[in-house]
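Accompanying notes for the structure given below.
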Amino acid sequence: MARFSDLGIRADCIIGKGIDFDELFDRRIIIEKVKIDQSKFKGKNQSGLRMQMQIVLAKFNDEPDAQGDYYVKDENGAPKGERRCAFTGSDILIETMQTAMEQCKSENVELFPMDTTIVKVGKCFNFT
């Protein structure tokens, strides 16, 4: 009998309990995965898109490891910490993430996991 786990199929879903976006401002996080889709709430932004992010509320070391990463890793090399899910309709963050994804794809570089901080400047959000 076949076992599903032996097939190596993984669902393309974002895991973790939702977290208010306001709780992420000025907090260093790891973004593991991003999904950008059409928003269900029309008229909330110009693009009509929404971004869902799987984040890790990770712990960070003062010095980078051998791979140049500052976050604490588990035995498999994945970021250690609580996984959460966050949504945003920020056109600036969506556009910035799409640009980063395209640039990394064209340069054949892995974008995720991504170490970042989300800052709020006036009414605008930015990755740092």
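Chain identifiers are assigned as A, B, and so on, following the order in which chains appear in the structure tokens; residues are numbered from 1 within each chain, and ligands are numbered from 1 in order of appearance.
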I want to know what sits within 9 Å of segment 62-72 of chain A, based on only C-alpha atoms, with residues of the same chain fewer than 3 positions away left out; could you give that as a PDB file with N, CA, C and O atoms, in the first residue's frame?
```
ATOM      1  N   ILE A  30      11.805  36.573   9.934  1.00  0.00           N
ATOM      2  CA  ILE A  30      12.195  35.775   8.773  1.00  0.00           C
ATOM      3  C   ILE A  30      10.931  35.536   7.956  1.00  0.00           C
ATOM      4  O   ILE A  30       9.910  35.116   8.490  1.00  0.00           O
ATOM      5  N   ALA A  58      11.693  34.620  14.820  1.00  0.00           N
ATOM      6  CA  ALA A  58      12.952  33.914  15.087  1.00  0.00           C
ATOM      7  C   ALA A  58      13.789  34.616  16.140  1.00  0.00           C
ATOM      8  O   ALA A  58      13.576  35.776  16.481  1.00  0.00           O
ATOM      9  N   LYS A  59      14.773  33.859  16.621  1.00  0.00           N
ATOM     10  CA  LYS A  59      15.817  34.415  17.473  1.00  0.00           C
ATOM     11  C   LYS A  59      17.030  34.630  16.593  1.00  0.00           C
ATOM     12  O   LYS A  59      17.266  33.887  15.638  1.00  0.00           O
ATOM     13  N   GLY A  77      18.363  23.044   9.463  1.00  0.00           N
ATOM     14  CA  GLY A  77      18.800  24.307   8.879  1.00  0.00           C
ATOM     15  C   GLY A  77      17.694  25.323   8.682  1.00  0.00           C
ATOM     16  O   GLY A  77      17.927  26.409   8.153  1.00  0.00           O
ATOM     17  N   ALA A  78      16.468  24.988   9.112  1.00  0.00           N
ATOM     18  CA  ALA A  78      15.340  25.918   8.992  1.00  0.00           C
ATOM     19  C   ALA A  78      15.354  26.892  10.170  1.00  0.00           C
ATOM     20  O   ALA A  78      15.840  26.553  11.252  1.00  0.00           O
ATOM     21  N   PRO A  79      14.820  28.088   9.967  1.00  0.00           N
ATOM     22  CA  PRO A  79      14.767  29.050  11.075  1.00  0.00           C
ATOM     23  C   PRO A  79      13.971  28.499  12.255  1.00  0.00           C
ATOM     24  O   PRO A  79      12.896  27.929  12.077  1.00  0.00           O
ATOM     25  N   LYS A  80      14.519  28.661  13.431  1.00  0.00           N
ATOM     26  CA  LYS A  80      13.843  28.243  14.656  1.00  0.00           C
ATOM     27  C   LYS A  80      12.948  29.373  15.134  1.00  0.00           C
ATOM     28  O   LYS A  80      13.359  30.524  15.130  1.00  0.00           O
ATOM     29  N   GLY A  81      11.736  29.037  15.533  1.00  0.00           N
ATOM     30  CA  GLY A  81      10.826  30.041  16.070  1.00  0.00           C
ATOM     31  C   GLY A  81       9.392  29.734  15.708  1.00  0.00           C
ATOM     32  O   GLY A  81       9.100  28.796  14.971  1.00  0.00           O
ATOM     33  N   ASP A 115      15.612  37.482   5.828  1.00  0.00           N
ATOM     34  CA  ASP A 115      15.766  38.203   7.090  1.00  0.00           C
ATOM     35  C   ASP A 115      15.428  39.659   6.819  1.00  0.00           C
ATOM     36  O   ASP A 115      16.065  40.307   5.990  1.00  0.00           O
TER      37      ASP A 115
END
```
DSSP-assigned helix (DSSP H, G or I) among chain A, expressed as a list in words
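Residues of chain A classed as helix (DSSP H, G or I): Phe4, Ser5, Asp6, Leu7, Phe21, Asp22, Glu23, Leu24, Asp91, Ile92, Leu93, Ile94, Glu95, Thr96, Met97, Gln98, Thr99, Ala100, Met101, Glu102, Gln103, Cys104, Lys105 and Ser106 of chain A.
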Measuring between only C-alpha atoms, which one of A:Asn108, A:Thr117, A:Gln54, A:Ser47 shows the shortest distance to Asp12 of chain A?
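Among A:Asn108, A:Thr117, A:Gln54, A:Ser47, it is A:Gln54 that comes nearest to Asp12 of chain A.
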Between segment 21-77 of chain A and segment 119-128 of chain A, at 9 Å or less, what are the per-residue closest atom pairs and their distances in Å? Count only C-alpha atoms, order by chain and rising residue number, and return it as a tab-separated table.
```
residue	atom	partner	partner_atom	distance
A:Leu24	CA	A:Val119	CA	8.4
A:Phe25	CA	A:Val119	CA	5.2
A:Asp26	CA	A:Val119	CA	5.3
A:Arg27	CA	A:Val119	CA	8.2
```
Preceding selection exported with C-alpha atoms as a PDB file, in the first residue's frame:
```pdb
ATOM      1  CA  LEU A  24       5.391  43.120  12.963  1.00  0.00           C
ATOM      2  CA  PHE A  25       6.501  46.743  12.640  1.00  0.00           C
ATOM      3  CA  ASP A  26      10.096  47.391  13.697  1.00  0.00           C
ATOM      4  CA  ARG A  27      10.546  43.702  14.545  1.00  0.00           C
TER       5      ARG A  27
END
```
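Picture a line from atom CA of Ile29 of chain A to atom CA of Leu57 of chain A; it runs 5.5 Å.
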Strand (DSSP E) per DSSP on the backbone: members of chain A, as a short mmCIF file (atom, residue, chain, number, x, y, z; two decimals) with N, CA and C atoms, in the first residue's frame:
```
data_model
loop_
_atom_site.label_atom_id
_atom_site.label_comp_id
_atom_site.auth_asym_id
_atom_site.auth_seq_id
_atom_site.Cartn_x
_atom_site.Cartn_y
_atom_site.Cartn_z
N LYS A 17 -0.62 30.57 12.77
CA LYS A 17 -1.74 31.37 13.23
C LYS A 17 -1.55 32.81 12.75
N GLY A 18 -2.62 33.46 12.38
CA GLY A 18 -2.56 34.83 11.90
C GLY A 18 -2.02 35.78 12.96
N ARG A 28 12.43 42.41 13.81
CA ARG A 28 13.20 41.58 12.86
C ARG A 28 12.53 40.22 12.75
N ILE A 29 12.24 39.81 11.53
CA ILE A 29 11.54 38.55 11.27
C ILE A 29 12.21 37.82 10.11
N ILE A 30 11.81 36.57 9.93
CA ILE A 30 12.19 35.78 8.77
C ILE A 30 10.93 35.54 7.96
N ILE A 31 10.99 35.84 6.66
CA ILE A 31 9.89 35.50 5.76
C ILE A 31 10.30 34.22 5.04
N GLU A 32 9.49 33.17 5.21
CA GLU A 32 9.80 31.87 4.59
C GLU A 32 9.10 31.67 3.25
N LYS A 33 7.94 32.26 3.10
CA LYS A 33 7.15 32.03 1.89
C LYS A 33 6.19 33.19 1.70
N VAL A 34 5.89 33.48 0.45
CA VAL A 34 4.97 34.56 0.11
C VAL A 34 4.04 34.09 -1.00
N LYS A 35 2.77 34.45 -0.88
CA LYS A 35 1.79 34.21 -1.94
C LYS A 35 1.13 35.55 -2.24
N ILE A 36 1.12 35.91 -3.50
CA ILE A 36 0.46 37.15 -3.93
C ILE A 36 -0.69 36.76 -4.85
N ASP A 37 -1.90 37.17 -4.47
CA ASP A 37 -3.12 36.82 -5.19
C ASP A 37 -4.01 38.04 -5.31
N GLN A 38 -5.09 37.88 -6.07
CA GLN A 38 -6.11 38.92 -6.14
C GLN A 38 -6.77 39.06 -4.77
N LEU A 49 -4.37 43.58 -5.34
CA LEU A 49 -3.67 42.38 -4.88
C LEU A 49 -3.58 42.35 -3.36
N ARG A 50 -3.30 41.17 -2.85
CA ARG A 50 -2.99 41.00 -1.43
C ARG A 50 -1.80 40.06 -1.34
N MET A 51 -1.03 40.22 -0.29
CA MET A 51 0.14 39.37 -0.08
C MET A 51 -0.02 38.64 1.26
N GLN A 52 0.16 37.35 1.19
CA GLN A 52 0.14 36.51 2.40
C GLN A 52 1.57 36.05 2.63
N MET A 53 2.04 36.21 3.86
CA MET A 53 3.42 35.85 4.18
C MET A 53 3.45 34.83 5.31
N GLN A 54 4.29 33.83 5.16
CA GLN A 54 4.58 32.93 6.26
C GLN A 54 5.85 33.45 6.90
N ILE A 55 5.74 33.84 8.16
CA ILE A 55 6.89 34.42 8.84
C ILE A 55 7.29 33.57 10.02
N VAL A 56 8.51 33.77 10.45
CA VAL A 56 9.02 33.11 11.65
C VAL A 56 9.44 34.20 12.61
N LEU A 57 8.91 34.12 13.82
CA LEU A 57 9.34 35.01 14.88
C LEU A 57 10.59 34.36 15.47
N ALA A 58 11.69 34.62 14.82
CA ALA A 58 12.95 33.91 15.09
C ALA A 58 13.79 34.62 16.14
N GLY A 81 11.74 29.04 15.53
CA GLY A 81 10.83 30.04 16.07
C GLY A 81 9.39 29.73 15.71
N GLU A 82 8.50 30.55 16.21
CA GLU A 82 7.08 30.38 15.97
C GLU A 82 6.71 30.85 14.57
N ARG A 83 6.00 30.01 13.83
CA ARG A 83 5.55 30.35 12.49
C ARG A 83 4.18 31.01 12.57
N ARG A 84 4.06 32.14 11.88
CA ARG A 84 2.81 32.89 11.87
C ARG A 84 2.49 33.29 10.44
N CYS A 85 1.28 33.71 10.22
CA CYS A 85 0.79 34.11 8.91
C CYS A 85 0.33 35.56 8.99
N ALA A 86 0.71 36.35 8.00
CA ALA A 86 0.29 37.76 7.97
C ALA A 86 -0.16 38.13 6.57
N PHE A 87 -1.16 38.99 6.49
CA PHE A 87 -1.68 39.49 5.22
C PHE A 87 -1.44 40.99 5.14
N THR A 88 -1.23 41.47 3.92
CA THR A 88 -1.17 42.90 3.68
C THR A 88 -1.66 43.22 2.28
N MET A 114 14.07 34.91 4.14
CA MET A 114 14.55 36.28 4.03
C MET A 114 14.50 36.95 5.40
N ASP A 115 15.61 37.48 5.83
CA ASP A 115 15.77 38.20 7.09
C ASP A 115 15.43 39.66 6.82
N THR A 116 14.41 40.19 7.49
CA THR A 116 13.98 41.57 7.23
C THR A 116 13.28 42.18 8.43
N THR A 117 13.07 43.46 8.34
CA THR A 117 12.25 44.21 9.29
C THR A 117 11.27 45.03 8.46
N ILE A 118 10.04 45.09 8.89
CA ILE A 118 9.04 45.91 8.21
C ILE A 118 8.90 47.19 9.01
N VAL A 119 9.11 48.31 8.35
CA VAL A 119 9.01 49.60 9.03
C VAL A 119 7.84 50.39 8.44
N LYS A 120 7.28 51.22 9.28
CA LYS A 120 6.18 52.09 8.86
C LYS A 120 6.71 53.52 8.86
N VAL A 121 6.65 54.15 7.70
CA VAL A 121 7.08 55.53 7.56
C VAL A 121 5.87 56.33 7.10
N CYS A 124 3.23 54.67 4.77
CA CYS A 124 3.88 53.69 3.90
C CYS A 124 4.62 52.64 4.71
N PHE A 125 4.65 51.42 4.16
CA PHE A 125 5.40 50.31 4.77
C PHE A 125 6.58 49.98 3.86
N ASN A 126 7.69 49.60 4.46
CA ASN A 126 8.88 49.22 3.69
C ASN A 126 9.59 48.06 4.36
N PHE A 127 10.25 47.23 3.55
CA PHE A 127 11.16 46.21 4.05
C PHE A 127 12.53 46.85 4.23
#
```
Give me the residues within 12 Å of Met101 of chain A as a ChimeraX atom specification, counting only C-alpha atoms and dropping any in the same chain fewer than 2 places off.
/A:33-36,94-99,103-114
Please write the residues from the selection above to a file, keeping N, CA and C atoms, as an mmCIF file, in the first residue's frame.
```
data_model
loop_
_atom_site.group_PDB
_atom_site.id
_atom_site.type_symbol
_atom_site.label_atom_id
_atom_site.label_comp_id
_atom_site.auth_asym_id
_atom_site.auth_seq_id
_atom_site.Cartn_x
_atom_site.Cartn_y
_atom_site.Cartn_z
ATOM 1 N N LYS A 33 7.935 32.263 3.099
ATOM 2 C CA LYS A 33 7.147 32.031 1.885
ATOM 3 C C LYS A 33 6.192 33.191 1.698
ATOM 4 N N VAL A 34 5.889 33.483 0.446
ATOM 5 C CA VAL A 34 4.968 34.564 0.106
ATOM 6 C C VAL A 34 4.037 34.087 -0.996
ATOM 7 N N LYS A 35 2.772 34.450 -0.885
ATOM 8 C CA LYS A 35 1.795 34.211 -1.944
ATOM 9 C C LYS A 35 1.126 35.550 -2.244
ATOM 10 N N ILE A 36 1.117 35.910 -3.505
ATOM 11 C CA ILE A 36 0.462 37.148 -3.927
ATOM 12 C C ILE A 36 -0.694 36.761 -4.850
ATOM 13 N N ILE A 94 3.960 44.861 -1.691
ATOM 14 C CA ILE A 94 3.701 43.875 -2.748
ATOM 15 C C ILE A 94 4.627 44.115 -3.926
ATOM 16 N N GLU A 95 4.717 45.357 -4.371
ATOM 17 C CA GLU A 95 5.571 45.688 -5.509
ATOM 18 C C GLU A 95 7.046 45.418 -5.195
ATOM 19 N N THR A 96 7.465 45.770 -3.993
ATOM 20 C CA THR A 96 8.853 45.532 -3.592
ATOM 21 C C THR A 96 9.161 44.036 -3.578
ATOM 22 N N MET A 97 8.232 43.236 -3.043
ATOM 23 C CA MET A 97 8.436 41.793 -2.980
ATOM 24 C C MET A 97 8.445 41.192 -4.383
ATOM 25 N N GLN A 98 7.558 41.635 -5.257
ATOM 26 C CA GLN A 98 7.549 41.125 -6.630
ATOM 27 C C GLN A 98 8.867 41.448 -7.332
ATOM 28 N N THR A 99 9.391 42.643 -7.124
ATOM 29 C CA THR A 99 10.678 43.032 -7.707
ATOM 30 C C THR A 99 11.792 42.145 -7.181
ATOM 31 N N GLN A 103 14.035 39.588 -9.433
ATOM 32 C CA GLN A 103 15.488 39.770 -9.472
ATOM 33 C C GLN A 103 16.209 38.503 -9.037
ATOM 34 N N CYS A 104 15.746 37.881 -7.974
ATOM 35 C CA CYS A 104 16.384 36.645 -7.499
ATOM 36 C C CYS A 104 16.204 35.517 -8.504
ATOM 37 N N LYS A 105 15.039 35.469 -9.138
ATOM 38 C CA LYS A 105 14.791 34.440 -10.150
ATOM 39 C C LYS A 105 15.741 34.619 -11.338
ATOM 40 N N SER A 106 15.901 35.863 -11.804
ATOM 41 C CA SER A 106 16.765 36.122 -12.959
ATOM 42 C C SER A 106 18.238 35.881 -12.630
ATOM 43 N N GLU A 107 18.609 36.050 -11.364
ATOM 44 C CA GLU A 107 19.990 35.821 -10.945
ATOM 45 C C GLU A 107 20.204 34.418 -10.389
ATOM 46 N N ASN A 108 19.114 33.602 -10.416
ATOM 47 C CA ASN A 108 19.156 32.228 -9.918
ATOM 48 C C ASN A 108 19.633 32.171 -8.461
ATOM 49 N N VAL A 109 19.038 33.048 -7.644
ATOM 50 C CA VAL A 109 19.374 33.150 -6.220
ATOM 51 C C VAL A 109 18.114 32.865 -5.415
ATOM 52 N N GLU A 110 18.250 32.143 -4.318
ATOM 53 C CA GLU A 110 17.121 31.868 -3.425
ATOM 54 C C GLU A 110 16.810 33.107 -2.597
ATOM 55 N N LEU A 111 15.563 33.520 -2.589
ATOM 56 C CA LEU A 111 15.149 34.683 -1.808
ATOM 57 C C LEU A 111 14.765 34.293 -0.383
ATOM 58 N N PHE A 112 14.151 33.138 -0.252
ATOM 59 C CA PHE A 112 13.652 32.708 1.053
ATOM 60 C C PHE A 112 14.490 31.585 1.626
ATOM 61 N N PRO A 113 14.688 31.584 2.943
ATOM 62 C CA PRO A 113 14.166 32.503 3.941
ATOM 63 C C PRO A 113 14.853 33.869 3.858
ATOM 64 N N MET A 114 14.065 34.909 4.136
ATOM 65 C CA MET A 114 14.546 36.283 4.029
ATOM 66 C C MET A 114 14.497 36.955 5.400
#
```
